file query28.csv (CSV, C-alpha atoms)
chain,number,residue,atom,x,y,z
A,1,MET,CA,-50.7,30.3,22.7
A,2,LYS,CA,-51.5,30.5,19.0
A,3,VAL,CA,-48.5,32.8,18.4
A,4,TYR,CA,-46.2,30.4,20.2
A,5,LYS,CA,-47.4,27.4,18.1
A,6,THR,CA,-46.9,29.4,14.8
A,7,LYS,CA,-43.3,30.4,15.9
A,8,PHE,CA,-42.5,26.8,16.9
A,9,LEU,CA,-43.7,25.5,13.5
A,10,LEU,CA,-41.7,28.2,11.7
A,11,GLU,CA,-38.6,27.3,13.6
A,12,LYS,CA,-39.1,23.6,12.6
A,13,LEU,CA,-39.6,24.5,9.0
A,14,VAL,CA,-36.4,26.7,9.0
A,15,PHE,CA,-34.4,23.9,10.6
A,16,ALA,CA,-35.7,21.3,8.1
A,17,GLY,CA,-34.9,23.8,5.3
A,18,CYS,CA,-31.4,24.3,6.6
A,19,LEU,CA,-30.8,20.5,6.6
A,20,LEU,CA,-32.1,20.3,3.1
A,21,LEU,CA,-29.9,23.1,1.9
A,22,ILE,CA,-26.9,21.6,3.6
A,23,GLY,CA,-27.6,18.4,1.9
A,24,PHE,CA,-28.0,20.2,-1.4
A,25,VAL,CA,-24.7,22.1,-0.9
A,26,VAL,CA,-22.8,19.0,0.0
A,27,LYS,CA,-24.2,17.1,-3.0
A,28,ALA,CA,-23.6,20.0,-5.3
A,29,GLN,CA,-19.9,20.3,-4.5
A,30,GLU,CA,-19.0,17.1,-6.2
A,31,LEU,CA,-15.8,17.2,-8.2
A,32,GLU,CA,-16.1,15.3,-11.4
A,33,LEU,CA,-13.5,13.3,-13.2
A,34,GLN,CA,-14.1,12.9,-16.9
A,35,VAL,CA,-12.2,10.5,-19.1
A,36,GLU,CA,-12.0,11.0,-22.9
A,37,GLY,CA,-10.1,9.2,-25.6
A,38,MET,CA,-9.0,5.7,-26.1
A,39,ALA,CA,-5.9,3.8,-24.9
A,40,THR,CA,-5.8,0.7,-27.0
A,41,PHE,CA,-3.3,-2.1,-27.5
A,42,ASP,CA,-4.1,-3.9,-30.7
A,43,ALA,CA,-2.4,-6.7,-32.6
A,44,ALA,CA,0.0,-4.4,-34.3
A,45,SER,CA,1.6,-3.6,-30.9
A,46,PHE,CA,2.6,-7.2,-30.5
A,47,SER,CA,5.3,-7.7,-33.1
A,48,ILE,CA,8.0,-10.3,-33.0
A,49,GLU,CA,11.3,-9.3,-34.6
A,50,ASN,CA,12.7,-12.8,-35.2
A,51,ALA,CA,11.4,-16.4,-35.1
A,52,GLY,CA,12.2,-17.8,-31.7
A,53,ALA,CA,11.8,-14.5,-29.9
A,54,ASP,CA,9.2,-13.4,-27.4
A,55,PHE,CA,7.1,-10.2,-27.5
A,56,ASN,CA,8.7,-7.0,-26.6
A,57,ALA,CA,9.1,-6.6,-22.8
A,58,SER,CA,6.6,-3.7,-22.7
A,59,VAL,CA,4.2,-2.0,-25.0
A,60,GLU,CA,2.9,1.5,-24.7
A,61,SER,CA,-0.7,2.4,-25.6
A,62,GLU,CA,-1.1,3.7,-29.1
A,63,SER,CA,-3.1,6.7,-28.2
A,64,THR,CA,-3.6,9.0,-25.2
A,65,LEU,CA,-6.4,9.2,-22.7
A,66,PHE,CA,-7.4,12.6,-21.3
A,67,VAL,CA,-8.6,13.2,-17.8
A,68,THR,CA,-10.5,16.4,-16.9
A,69,VAL,CA,-11.1,17.6,-13.4
A,70,ASP,CA,-14.4,19.5,-13.3
A,71,SER,CA,-17.1,20.6,-10.9
A,72,ASN,CA,-20.8,20.3,-11.5
A,73,ASP,CA,-21.5,23.3,-9.3
A,74,ALA,CA,-21.4,26.8,-10.6
A,75,TRP,CA,-21.1,28.3,-7.1
A,76,ASP,CA,-18.2,26.1,-6.4
A,77,LYS,CA,-16.5,26.9,-9.6
A,78,THR,CA,-16.7,30.7,-8.9
A,79,ASN,CA,-16.0,30.7,-5.2
A,80,ASN,CA,-13.8,27.7,-4.7
A,81,PRO,CA,-11.5,27.8,-7.7
A,82,ASN,CA,-8.4,26.6,-5.9
A,83,ARG,CA,-9.8,23.4,-4.5
A,84,LYS,CA,-7.2,20.8,-3.9
A,85,TRP,CA,-7.8,17.2,-5.0
A,86,LYS,CA,-6.0,13.9,-5.5
A,87,VAL,CA,-6.6,11.1,-7.9
A,88,GLU,CA,-6.2,7.4,-7.0
A,89,VAL,CA,-6.1,4.5,-9.4
A,90,ARG,CA,-7.0,0.8,-9.3
A,91,LYS,CA,-8.1,-1.9,-11.7
A,92,GLU,CA,-10.9,-4.4,-11.8
A,93,ASP,CA,-10.0,-7.4,-14.0
A,94,VAL,CA,-12.6,-8.8,-16.5
A,95,SER,CA,-10.4,-11.3,-18.1
A,96,TRP,CA,-6.7,-10.9,-17.3
A,97,ASP,CA,-3.5,-12.9,-16.8
A,98,ASP,CA,-1.8,-12.1,-13.5
A,99,ALA,CA,1.6,-12.1,-15.1
A,100,MET,CA,0.6,-9.1,-17.2
A,101,GLN,CA,0.9,-5.7,-15.6
A,102,VAL,CA,-0.8,-2.4,-16.5
A,103,GLU,CA,1.2,0.6,-15.8
A,104,ILE,CA,0.0,4.2,-15.9
A,105,VAL,CA,1.7,7.6,-16.2
A,106,ARG,CA,0.7,11.2,-16.4
A,107,SER,CA,2.4,12.4,-19.6
A,108,GLY,CA,1.4,16.1,-19.4
A,109,ASN,CA,-0.2,18.9,-17.3
A,110,GLY,CA,-3.4,19.7,-19.1
A,111,TYR,CA,-4.7,23.3,-18.9
A,112,SER,CA,-7.0,25.5,-16.8
A,113,LYS,CA,-10.1,26.5,-18.7
A,114,GLU,CA,-10.4,29.6,-16.5
A,115,ASN,CA,-6.7,30.4,-17.3
A,116,ASN,CA,-6.1,30.3,-13.5
A,117,LYS,CA,-2.3,30.2,-13.2
A,118,SER,CA,-2.4,28.8,-9.7
A,119,ASN,CA,-4.1,25.7,-10.9
A,120,HIS,CA,-1.6,22.9,-11.3
A,121,VAL,CA,-1.0,19.1,-11.3
A,122,ASN,CA,1.8,17.3,-9.4
A,123,ASP,CA,3.2,13.8,-9.3
A,124,GLY,CA,2.3,10.7,-11.5
A,125,GLN,CA,5.1,11.3,-14.0
A,126,ASN,CA,6.7,7.9,-13.5
A,127,TYR,CA,5.1,4.8,-14.6
A,128,GLN,CA,3.4,3.0,-11.7
A,129,VAL,CA,1.8,-0.5,-11.6
A,130,VAL,CA,-2.0,-0.4,-11.4
A,131,SER,CA,-3.2,-3.1,-9.0
A,132,ALA,CA,-6.6,-4.1,-7.5
A,133,ASN,CA,-5.9,-1.9,-4.5
A,134,SER,CA,-6.4,1.8,-4.9
A,135,SER,CA,-3.2,3.7,-4.9
A,136,TYR,CA,-2.2,7.4,-5.1
A,137,PHE,CA,-1.6,8.6,-8.7
A,138,PHE,CA,-1.4,12.4,-8.8
A,139,ARG,CA,-2.8,15.5,-7.1
A,140,GLY,CA,-3.6,19.0,-8.1
A,141,LYS,CA,-5.4,22.3,-7.5
A,142,GLY,CA,-8.3,23.8,-9.3
A,143,LEU,CA,-10.2,22.7,-12.3
A,144,ILE,CA,-7.9,21.3,-15.0
A,145,SER,CA,-8.8,20.0,-18.4
A,146,GLU,CA,-7.3,17.3,-20.6
A,147,ILE,CA,-4.5,15.9,-18.4
A,148,PRO,CA,-2.9,13.3,-20.7
A,149,ILE,CA,-2.6,9.8,-19.4
A,150,GLN,CA,-0.6,6.9,-21.0
A,151,PHE,CA,-0.7,3.2,-20.3
A,152,ARG,CA,2.0,0.6,-20.7
A,153,LEU,CA,1.7,-3.2,-20.6
A,154,SER,CA,4.5,-5.2,-19.3
A,155,GLY,CA,5.0,-8.9,-18.6
A,156,ILE,CA,3.4,-9.9,-21.9
A,157,SER,CA,4.6,-13.1,-23.3
A,158,ILE,CA,3.9,-15.5,-26.0
A,159,VAL,CA,3.2,-18.2,-23.4
A,160,HIS,CA,-0.1,-16.4,-22.4
A,161,GLY,CA,-1.6,-17.5,-25.7
A,162,ALA,CA,-3.7,-15.7,-28.2
A,163,GLY,CA,-6.9,-14.0,-27.0
A,164,ASP,CA,-8.5,-11.0,-25.6
A,165,PHE,CA,-7.6,-9.6,-22.2
A,166,GLU,CA,-9.6,-6.9,-20.5
A,167,THR,CA,-9.4,-4.9,-17.3
A,168,ASN,CA,-11.2,-1.8,-16.1
A,169,VAL,CA,-8.9,1.0,-14.9
A,170,MET,CA,-10.7,3.1,-12.3
A,171,LEU,CA,-9.6,6.6,-11.5
A,172,THR,CA,-11.1,8.2,-8.4
A,173,ILE,CA,-10.9,11.8,-7.4
A,174,TYR,CA,-10.9,12.9,-3.7
A,175,ASP,CA,-10.7,16.1,-1.9
A,176,ASP,CA,-7.2,16.6,-0.7
B,1,MET,CA,-34.4,27.5,19.4
B,2,ASN,CA,-35.3,30.9,18.0
B,3,PHE,CA,-35.2,32.1,14.5
B,4,LYS,CA,-31.7,33.7,14.8
B,5,GLY,CA,-30.4,30.6,16.4
B,6,ALA,CA,-31.7,28.5,13.5
B,7,ILE,CA,-30.0,30.8,11.0
B,8,GLY,CA,-26.8,30.6,13.0
B,9,LEU,CA,-26.9,26.8,13.0
B,10,PHE,CA,-27.5,26.8,9.3
B,11,PHE,CA,-24.3,28.8,8.6
B,12,ILE,CA,-22.3,26.7,11.0
B,13,LEU,CA,-23.4,23.5,9.4
B,14,LEU,CA,-22.8,25.0,6.0
B,15,VAL,CA,-19.2,25.8,6.8
B,16,LEU,CA,-18.7,22.4,8.4
B,17,ALA,CA,-20.2,20.7,5.4
B,18,GLY,CA,-17.9,22.6,3.1
B,19,THR,CA,-14.8,21.7,5.0
B,20,CYS,CA,-15.5,18.3,6.4
B,21,TYR,CA,-17.2,16.5,3.5
B,22,ALA,CA,-14.8,14.2,1.6
B,23,ASP,CA,-15.9,14.4,-2.0
B,24,GLU,CA,-15.1,11.6,-4.4
B,25,HIS,CA,-16.0,10.8,-7.9
B,26,GLU,CA,-15.0,7.8,-10.1
B,27,ALA,CA,-14.3,7.4,-13.7
B,28,ASN,CA,-13.2,4.3,-15.5
B,29,HIS,CA,-11.6,3.2,-18.7
B,30,LYS,CA,-11.3,-0.2,-20.3
B,31,ALA,CA,-7.9,-1.4,-21.1
B,32,LYS,CA,-8.2,-4.1,-23.8
B,33,VAL,CA,-5.4,-6.2,-25.1
B,34,ASN,CA,-5.7,-8.5,-28.1
B,35,ILE,CA,-2.8,-10.9,-28.5
B,36,PRO,CA,-2.8,-12.3,-32.0
B,37,ASN,CA,-2.0,-15.7,-33.4
B,38,VAL,CA,1.7,-15.9,-34.4
B,39,ALA,CA,3.5,-18.7,-36.3
B,40,LEU,CA,7.1,-17.9,-37.1
B,41,LEU,CA,9.9,-20.3,-38.0
B,42,SER,CA,13.5,-19.8,-39.1
B,43,LEU,CA,16.6,-21.8,-39.6
B,44,GLN,CA,19.9,-20.7,-38.0
B,45,PHE,CA,23.2,-22.0,-39.3
B,46,GLU,CA,26.4,-22.5,-37.3
B,47,GLU,CA,28.4,-22.3,-40.5
B,48,ASN,CA,26.5,-22.3,-43.7
B,49,ALA,CA,23.1,-23.3,-45.1
B,50,ASN,CA,24.4,-26.3,-47.1
B,51,LEU,CA,24.8,-29.8,-46.0
B,52,ASP,CA,27.3,-31.7,-48.0
B,53,LEU,CA,27.0,-35.5,-48.1
B,54,THR,CA,29.9,-36.5,-50.3
B,55,GLY,CA,30.7,-40.1,-51.0
B,56,SER,CA,34.3,-41.2,-50.7
B,57,ALA,CA,35.7,-44.0,-52.8
B,58,ALA,CA,36.3,-47.3,-51.1
B,59,ALA,CA,39.9,-47.8,-50.0
B,60,VAL,CA,39.8,-51.5,-50.5
B,61,ALA,CA,38.3,-53.2,-53.5
B,62,GLY,CA,35.0,-54.7,-52.6
B,63,ASP,CA,34.2,-52.2,-49.8
B,64,GLN,CA,31.1,-50.0,-50.0
B,65,ILE,CA,31.2,-46.3,-50.8
B,66,ASN,CA,31.3,-44.3,-47.7
B,67,LEU,CA,28.6,-41.6,-47.8
B,68,ASN,CA,29.2,-40.1,-44.4
B,69,THR,CA,25.8,-41.3,-43.5
B,70,ARG,CA,25.1,-39.6,-40.2
B,71,GLN,CA,26.0,-36.1,-39.2
B,72,LYS,CA,24.9,-33.2,-37.1
B,73,SER,CA,24.1,-30.4,-39.5
B,74,GLY,CA,24.8,-27.3,-37.4
B,75,VAL,CA,21.3,-26.2,-38.4
B,76,TRP,CA,18.9,-25.0,-35.7
B,77,ILE,CA,15.2,-24.6,-35.9
B,78,ASN,CA,13.9,-21.5,-34.1
B,79,TYR,CA,10.2,-20.8,-33.8
B,80,SER,CA,7.7,-18.5,-32.0
B,81,SER,CA,4.1,-19.8,-31.7
B,82,VAL,CA,1.1,-18.1,-30.3
B,83,SER,CA,-2.2,-20.0,-30.7
B,84,GLU,CA,-5.6,-20.3,-29.2
B,85,LYS,CA,-6.0,-22.5,-26.1
B,86,ASN,CA,-5.5,-26.2,-26.8
B,87,GLN,CA,-4.5,-25.4,-30.4
B,88,LYS,CA,-1.2,-27.2,-31.3
B,89,ARG,CA,1.2,-26.8,-34.0
B,90,LYS,CA,3.9,-28.9,-35.7
B,91,VAL,CA,6.9,-28.6,-37.9
B,92,THR,CA,7.0,-30.6,-41.1
B,93,ALA,CA,9.8,-31.2,-43.5
B,94,SER,CA,9.8,-32.2,-47.1
B,95,VAL,CA,12.3,-32.5,-49.9
B,96,SER,CA,12.2,-30.3,-53.0
B,97,GLY,CA,14.2,-31.8,-55.8
B,98,THR,CA,15.1,-35.3,-57.0
B,99,MET,CA,17.0,-37.6,-54.6
B,100,PRO,CA,19.4,-40.0,-56.3
B,101,HIS,CA,18.0,-43.5,-56.7
B,102,GLY,CA,18.7,-45.7,-53.7
B,103,ILE,CA,19.4,-42.8,-51.4
B,104,THR,CA,17.0,-42.0,-48.5
B,105,LEU,CA,17.5,-38.9,-46.5
B,106,LYS,CA,16.3,-38.8,-42.9
B,107,VAL,CA,16.2,-36.0,-40.4
B,108,LYS,CA,16.0,-35.8,-36.7
B,109,ALA,CA,15.2,-32.8,-34.6
B,110,GLU,CA,16.9,-33.0,-31.2
B,111,LYS,CA,15.1,-31.9,-28.0
B,112,SER,CA,14.8,-28.1,-27.8
B,113,VAL,CA,17.5,-26.4,-25.7
B,114,GLY,CA,18.5,-22.9,-24.9
B,115,LYS,CA,16.4,-19.9,-23.8
B,116,GLY,CA,13.0,-21.2,-24.9
B,117,LYS,CA,9.9,-21.0,-22.8
B,118,GLY,CA,6.4,-22.3,-22.9
B,119,GLU,CA,5.0,-25.5,-24.4
B,120,LEU,CA,7.9,-26.4,-26.7
B,121,GLY,CA,7.5,-29.1,-29.3
B,122,GLN,CA,8.5,-32.8,-29.0
B,123,SER,CA,10.8,-34.5,-31.5
B,124,LYS,CA,9.3,-37.2,-33.7
B,125,GLY,CA,12.7,-38.9,-33.9
B,126,LEU,CA,14.3,-39.9,-37.1
B,127,VAL,CA,12.0,-39.2,-39.9
B,128,GLU,CA,12.4,-40.2,-43.6
B,129,LEU,CA,12.0,-37.3,-45.9
B,130,SER,CA,10.1,-37.2,-49.2
B,131,GLU,CA,8.2,-34.8,-51.3
B,132,MET,CA,5.3,-35.2,-48.9
B,133,PRO,CA,5.6,-33.2,-45.7
B,134,ALA,CA,6.5,-35.3,-42.7
B,135,ASP,CA,6.1,-34.3,-39.1
B,136,ILE,CA,9.4,-33.9,-37.4
B,137,ILE,CA,8.3,-31.8,-34.3
B,138,SER,CA,4.8,-31.9,-32.8
B,139,GLY,CA,2.8,-30.7,-29.8
B,140,ILE,CA,3.9,-27.0,-30.1
B,141,GLY,CA,1.8,-24.9,-27.9
B,142,CYS,CA,2.3,-21.2,-27.0
B,143,CYS,CA,6.1,-20.9,-26.8
B,144,TYR,CA,9.3,-19.5,-28.2
B,145,THR,CA,12.6,-21.3,-28.6
B,146,GLY,CA,15.0,-18.4,-28.3
B,147,THR,CA,16.9,-17.0,-31.3
B,148,GLY,CA,20.1,-18.0,-33.0
B,149,THR,CA,22.2,-21.1,-32.8
B,150,GLN,CA,22.3,-23.1,-29.5
B,151,ASN,CA,18.5,-22.3,-29.2
B,152,GLY,CA,15.7,-24.5,-30.4
B,153,HIS,CA,16.0,-27.9,-32.1
B,154,LEU,CA,19.3,-29.0,-33.6
B,155,LEU,CA,18.9,-31.0,-36.8
B,156,SER,CA,20.9,-34.1,-37.7
B,157,TYR,CA,20.7,-35.9,-40.9
B,158,GLU,CA,21.2,-39.5,-41.9
B,159,VAL,CA,21.5,-41.0,-45.3
B,160,ASP,CA,20.5,-44.6,-46.0
B,161,VAL,CA,21.8,-46.3,-49.1
B,162,ASP,CA,20.0,-49.1,-50.7
B,163,GLU,CA,23.2,-50.4,-52.4
B,164,ALA,CA,21.5,-52.6,-54.9
B,165,VAL,CA,19.4,-49.8,-56.3
B,166,PHE,CA,22.2,-47.2,-55.9
B,167,TYR,CA,24.8,-49.1,-57.8
B,168,ARG,CA,22.3,-50.0,-60.5
B,169,ASN,CA,21.1,-46.4,-61.1
B,170,SER,CA,23.6,-43.9,-59.8
B,171,GLU,CA,25.5,-41.6,-62.0
B,172,GLN,CA,28.4,-39.5,-60.9
B,173,GLN,CA,26.3,-36.4,-60.8
B,174,PRO,CA,25.8,-34.2,-57.8
B,175,ALA,CA,22.2,-34.2,-56.6
B,176,LEU,CA,21.0,-31.0,-55.1
B,177,VAL,CA,17.9,-31.1,-53.0
B,178,SER,CA,16.3,-28.5,-50.7
B,179,ILE,CA,14.6,-29.3,-47.5
B,180,VAL,CA,11.6,-27.2,-46.7
B,181,TYR,CA,10.5,-26.8,-43.1
B,182,THR,CA,7.0,-25.5,-42.3
B,183,LEU,CA,5.4,-24.5,-39.0
B,184,THR,CA,1.7,-25.4,-39.4
B,185,ASP,CA,-1.4,-26.1,-37.4
B,186,ASP,CA,-1.7,-29.6,-36.0
B,187,ASN,CA,-5.3,-30.4,-36.6
call {"tool": "encode", "arguments": {"input": "query28.csv", "output": "structure tokens"}}
result
Amino acid sequence: MKVYKTKFLLEKLVFAGCLLLIGFVVKAQELELQVEGMATFDAASFSIENAGADFNASVESESTLFVTVDSNDAWDKTNNPNRKWKVEVRKEDVSWDDAMQVEIVRSGNGYSKENNKSNHVNDGQNYQVVSANSSYFFRGKGLISEIPIQFRLSGISIVHGAGDFETNVMLTIYDD
Amino acid sequence: MNFKGAIGLFFILLVLAGTCYADEHEANHKAKVNIPNVALLSLQFEENANLDLTGSAAAVAGDQINLNTRQKSGVWINYSSVSEKNQKRKVTASVSGTMPHGITLKVKAEKSVGKGKGELGQSKGLVELSEMPADIISGIGCCYTGTGTQNGHLLSYEVDVDEAVFYRNSEQQPALVSIVYTLTDDN
């Protein structure tokens, strides 16, 4: 009777341990998306060639933003190096004029830190409008560093008036 | 469930977790746009920059000198204006140089036409010019008139002659004056 109780408790402990480990594994397999650099549009971007003219139809960001796909799990990095993923993009306006559009493009491929030749990035090489609804941007395989991203503003006009406009561009990585 | 069973279940759930879990992670970046204040004005000419108001001798003794007193100039005002909300701008005109005695020069900016957009300015009608800047267009918000002739405000000039003063003081010397247009804040 005592042996039976001990065995029952052991089984329960193992089962609970399994669940904890599964939770840990699931949590630990997170892909991370890191964003570095700045993409700014300052006053110098908005020049008017002649009195009577409007701003240029579109303005590209002055500098480039770099996106890195990484994993926070060493086991995953070693044993699952060819994990497929996709990135979606959306924006959350802070102070914005609806007539202005933010467009985004992937302007390069980045590189694999592990020098894994099978790692790659696809799509996203044509400018696409970023809206409040999440939409597909690009996809890839494996961990890739410093994928360059460029922004473009269109629909800017003098009639919007002077001031600061701000929006948050959200990039979300999913398992593909 | 025995010990082997528990271990088996562990591995099954482990595999399932690895394959079924939809991982996601989000990163964000602020996109900031600063649209600056802009105030640009230019004059566009259909022919040339000079307006010639030449008096012609009276054909009949006793008639007054004809000074061709009203004419469209073929000069267009173009402007681009970006300002803060509720900030308005205006165009002023002033004369630089000495007008002949008895002669008054007036200017009128017509209503803006062409490819302009936004809160374009309103004409102040026929305005007498002097060395002091006078408003000829007001209420300019954030707007642009379009570039070149046939865009913006066409200017027309009118000359008034105070004959008594003119005949008393005038000499047969050409008088050259410049008219200066300025786009400025309307406080």
call {"tool": "closest_atom_pairs", "arguments": {"input": "query28.csv", "of": "stretch 24-142 of chain B", "to": "stretch 149-168 of chain A", "cutoff": "6 Å", "atoms": "only C-alpha atoms", "output": "tab-separated table"}}
result
residue	atom	partner	partner_atom	distance
B:His29	CA	A:Asn168	CA	5.6
B:Lys30	CA	A:Asn168	CA	4.5
B:Ala31	CA	A:Thr167	CA	5.4
B:Lys32	CA	A:Glu166	CA	4.5
B:Val33	CA	A:Phe165	CA	5.0
B:Asn34	CA	A:Asp164	CA	4.5
B:Ile35	CA	A:Ala162	CA	4.9
B:Pro36	CA	A:Ala162	CA	5.2
B:Asn37	CA	A:Ala162	CA	5.5
B:Val82	CA	A:Gly161	CA	5.4
B:Ser83	CA	A:Ala162	CA	5.2
B:Glu84	CA	A:Ala162	CA	5.1
B:Gly118	CA	A:Val159	CA	5.2
B:Cys142	CA	A:Val159	CA	4.8
call {"tool": "closest_residue", "arguments": {"input": "query28.csv", "among": "A:Asn50, A:Ser71, A:Thr64, A:Gln101", "to": "A:Ala132", "atoms": "all atoms listed in the file"}}
result
A:Gln101
call {"tool": "closest_residue", "arguments": {"input": "query28.csv", "among": "B:Pro174, B:Pro133, B:Gly116, B:Gly139", "to": "chain A", "atoms": "only C-alpha atoms"}}
result
B:Gly116
call {"tool": "closest_residue", "arguments": {"input": "query28.csv", "among": "A:Val87, A:Ala74, A:Ala99, A:Leu143", "to": "chain B", "atoms": "all atoms listed in the file"}}
result
A:Val87
call {"tool": "closest_residue", "arguments": {"input": "query28.csv", "among": "B:Asp185, B:Asp52, B:Glu119, B:Asp63", "to": "chain A", "atoms": "only C-alpha atoms"}}
result
B:Glu119
call {"tool": "closest_residue", "arguments": {"input": "query28.csv", "among": "A:Glu146, A:Glu36, A:Ala51, A:Val102", "to": "chain B", "atoms": "only C-alpha atoms"}}
result
A:Ala51
call {"tool": "closest_residue", "arguments": {"input": "query28.csv", "among": "B:Leu51, B:Val107, B:Leu183, B:Met99", "to": "chain A", "atoms": "only C-alpha atoms"}}
result
B:Leu183
call {"tool": "closest_atom_pairs", "arguments": {"input": "query28.csv", "of": "stretch 30-109 of chain B", "to": "stretch 146-166 of chain B", "cutoff": "9 Å", "atoms": "only C-alpha atoms", "output": "JSON lines"}}
result
{"residue": "B:Ser42", "atom": "CA", "partner": "B:Thr147", "partner_atom": "CA", "distance": 9.0}
{"residue": "B:Leu43", "atom": "CA", "partner": "B:Gly148", "partner_atom": "CA", "distance": 8.4}
{"residue": "B:Gln44", "atom": "CA", "partner": "B:Gly148", "partner_atom": "CA", "distance": 5.7}
{"residue": "B:Phe45", "atom": "CA", "partner": "B:Thr149", "partner_atom": "CA", "distance": 6.6}
{"residue": "B:Glu46", "atom": "CA", "partner": "B:Thr149", "partner_atom": "CA", "distance": 6.3}
{"residue": "B:Leu51", "atom": "CA", "partner": "B:Tyr157", "partner_atom": "CA", "distance": 8.9}
{"residue": "B:Leu53", "atom": "CA", "partner": "B:Val159", "partner_atom": "CA", "distance": 8.3}
{"residue": "B:Gln64", "atom": "CA", "partner": "B:Glu163", "partner_atom": "CA", "distance": 8.3}
{"residue": "B:Leu67", "atom": "CA", "partner": "B:Val159", "partner_atom": "CA", "distance": 7.6}
{"residue": "B:Asn68", "atom": "CA", "partner": "B:Val159", "partner_atom": "CA", "distance": 7.8}
{"residue": "B:Thr69", "atom": "CA", "partner": "B:Val159", "partner_atom": "CA", "distance": 4.7}
{"residue": "B:Arg70", "atom": "CA", "partner": "B:Glu158", "partner_atom": "CA", "distance": 4.3}
{"residue": "B:Gln71", "atom": "CA", "partner": "B:Tyr157", "partner_atom": "CA", "distance": 5.6}
{"residue": "B:Lys72", "atom": "CA", "partner": "B:Ser156", "partner_atom": "CA", "distance": 4.1}
{"residue": "B:Ser73", "atom": "CA", "partner": "B:Ser156", "partner_atom": "CA", "distance": 5.2}
{"residue": "B:Gly74", "atom": "CA", "partner": "B:Leu154", "partner_atom": "CA", "distance": 6.9}
{"residue": "B:Val75", "atom": "CA", "partner": "B:Leu155", "partner_atom": "CA", "distance": 5.6}
{"residue": "B:Trp76", "atom": "CA", "partner": "B:Leu154", "partner_atom": "CA", "distance": 4.5}
{"residue": "B:Ile77", "atom": "CA", "partner": "B:His153", "partner_atom": "CA", "distance": 5.1}
{"residue": "B:Asn78", "atom": "CA", "partner": "B:Gly152", "partner_atom": "CA", "distance": 5.1}
{"residue": "B:Tyr79", "atom": "CA", "partner": "B:Gly152", "partner_atom": "CA", "distance": 7.4}
{"residue": "B:Ser80", "atom": "CA", "partner": "B:Gly146", "partner_atom": "CA", "distance": 8.2}
{"residue": "B:Pro100", "atom": "CA", "partner": "B:Phe166", "partner_atom": "CA", "distance": 7.7}
{"residue": "B:His101", "atom": "CA", "partner": "B:Phe166", "partner_atom": "CA", "distance": 5.7}
{"residue": "B:Gly102", "atom": "CA", "partner": "B:Phe166", "partner_atom": "CA", "distance": 4.4}
{"residue": "B:Ile103", "atom": "CA", "partner": "B:Val161", "partner_atom": "CA", "distance": 4.8}
{"residue": "B:Thr104", "atom": "CA", "partner": "B:Asp160", "partner_atom": "CA", "distance": 5.0}
{"residue": "B:Leu105", "atom": "CA", "partner": "B:Val159", "partner_atom": "CA", "distance": 4.7}
{"residue": "B:Lys106", "atom": "CA", "partner": "B:Glu158", "partner_atom": "CA", "distance": 5.0}
{"residue": "B:Val107", "atom": "CA", "partner": "B:Tyr157", "partner_atom": "CA", "distance": 4.5}
{"residue": "B:Lys108", "atom": "CA", "partner": "B:Ser156", "partner_atom": "CA", "distance": 5.3}
{"residue": "B:Ala109", "atom": "CA", "partner": "B:Leu155", "partner_atom": "CA", "distance": 4.7}
call {"tool": "atom_distance", "arguments": {"input": "query28.csv", "atom1": "atom CA of A:Asn116", "atom2": "atom CA of A:Ile104"}}
result
26.9 Å
call {"tool": "atom_distance", "arguments": {"input": "query28.csv", "atom1": "atom CA of A:Ser145", "atom2": "atom CA of A:Tyr127"}}
result
20.9 Å
call {"tool": "residues_near_point", "arguments": {"input": "query28.csv", "point": "(4.3, -6.0, -35.8)", "cutoff": "12 Å", "atoms": "only C-alpha atoms", "output": "short mmCIF file (atom, residue, chain, number, x, y, z; two decimals) with C-alpha atoms, in the coordinates of the input"}}
result
data_model
loop_
_atom_site.label_atom_id
_atom_site.label_comp_id
_atom_site.auth_asym_id
_atom_site.auth_seq_id
_atom_site.Cartn_x
_atom_site.Cartn_y
_atom_site.Cartn_z
CA PHE A 41 -3.30 -2.10 -27.50
CA ASP A 42 -4.10 -3.90 -30.70
CA ALA A 43 -2.40 -6.70 -32.60
CA ALA A 44 0.00 -4.40 -34.30
CA SER A 45 1.60 -3.60 -30.90
CA PHE A 46 2.60 -7.20 -30.50
CA SER A 47 5.30 -7.70 -33.10
CA ILE A 48 8.00 -10.30 -33.00
CA GLU A 49 11.30 -9.30 -34.60
CA ASN A 50 12.70 -12.80 -35.20
CA PHE A 55 7.10 -10.20 -27.50
CA ASN A 56 8.70 -7.00 -26.60
CA VAL A 59 4.20 -2.00 -25.00
CA ILE B 35 -2.80 -10.90 -28.50
CA PRO B 36 -2.80 -12.30 -32.00
CA ASN B 37 -2.00 -15.70 -33.40
CA VAL B 38 1.70 -15.90 -34.40
#
call {"tool": "atom_distance", "arguments": {"input": "query28.csv", "atom1": "atom CA of B:Thr184", "atom2": "atom CA of B:Ser94"}}
result
13.1 Å
call {"tool": "residues_near_point", "arguments": {"input": "query28.csv", "point": "(-7.2, 22.4, -6.6)", "cutoff": "12 Å", "atoms": "all atoms listed in the file", "output": "VMD selection string"}}
result
chain A and resid 31 69 to 71 76 to 77 80 to 87 112 116 to 122 138 to 144 173 to 176
call {"tool": "residues_around", "arguments": {"input": "query28.csv", "residues": "A:Leu171", "least_positions_apart": "3", "cutoff": "8 Å", "atoms": "only C-alpha atoms", "output": "list in words"}}
result
Leu33, Val87, Glu88, Val89 and Arg90 of chain A; Glu26, Ala27 and Asn28 of chain B
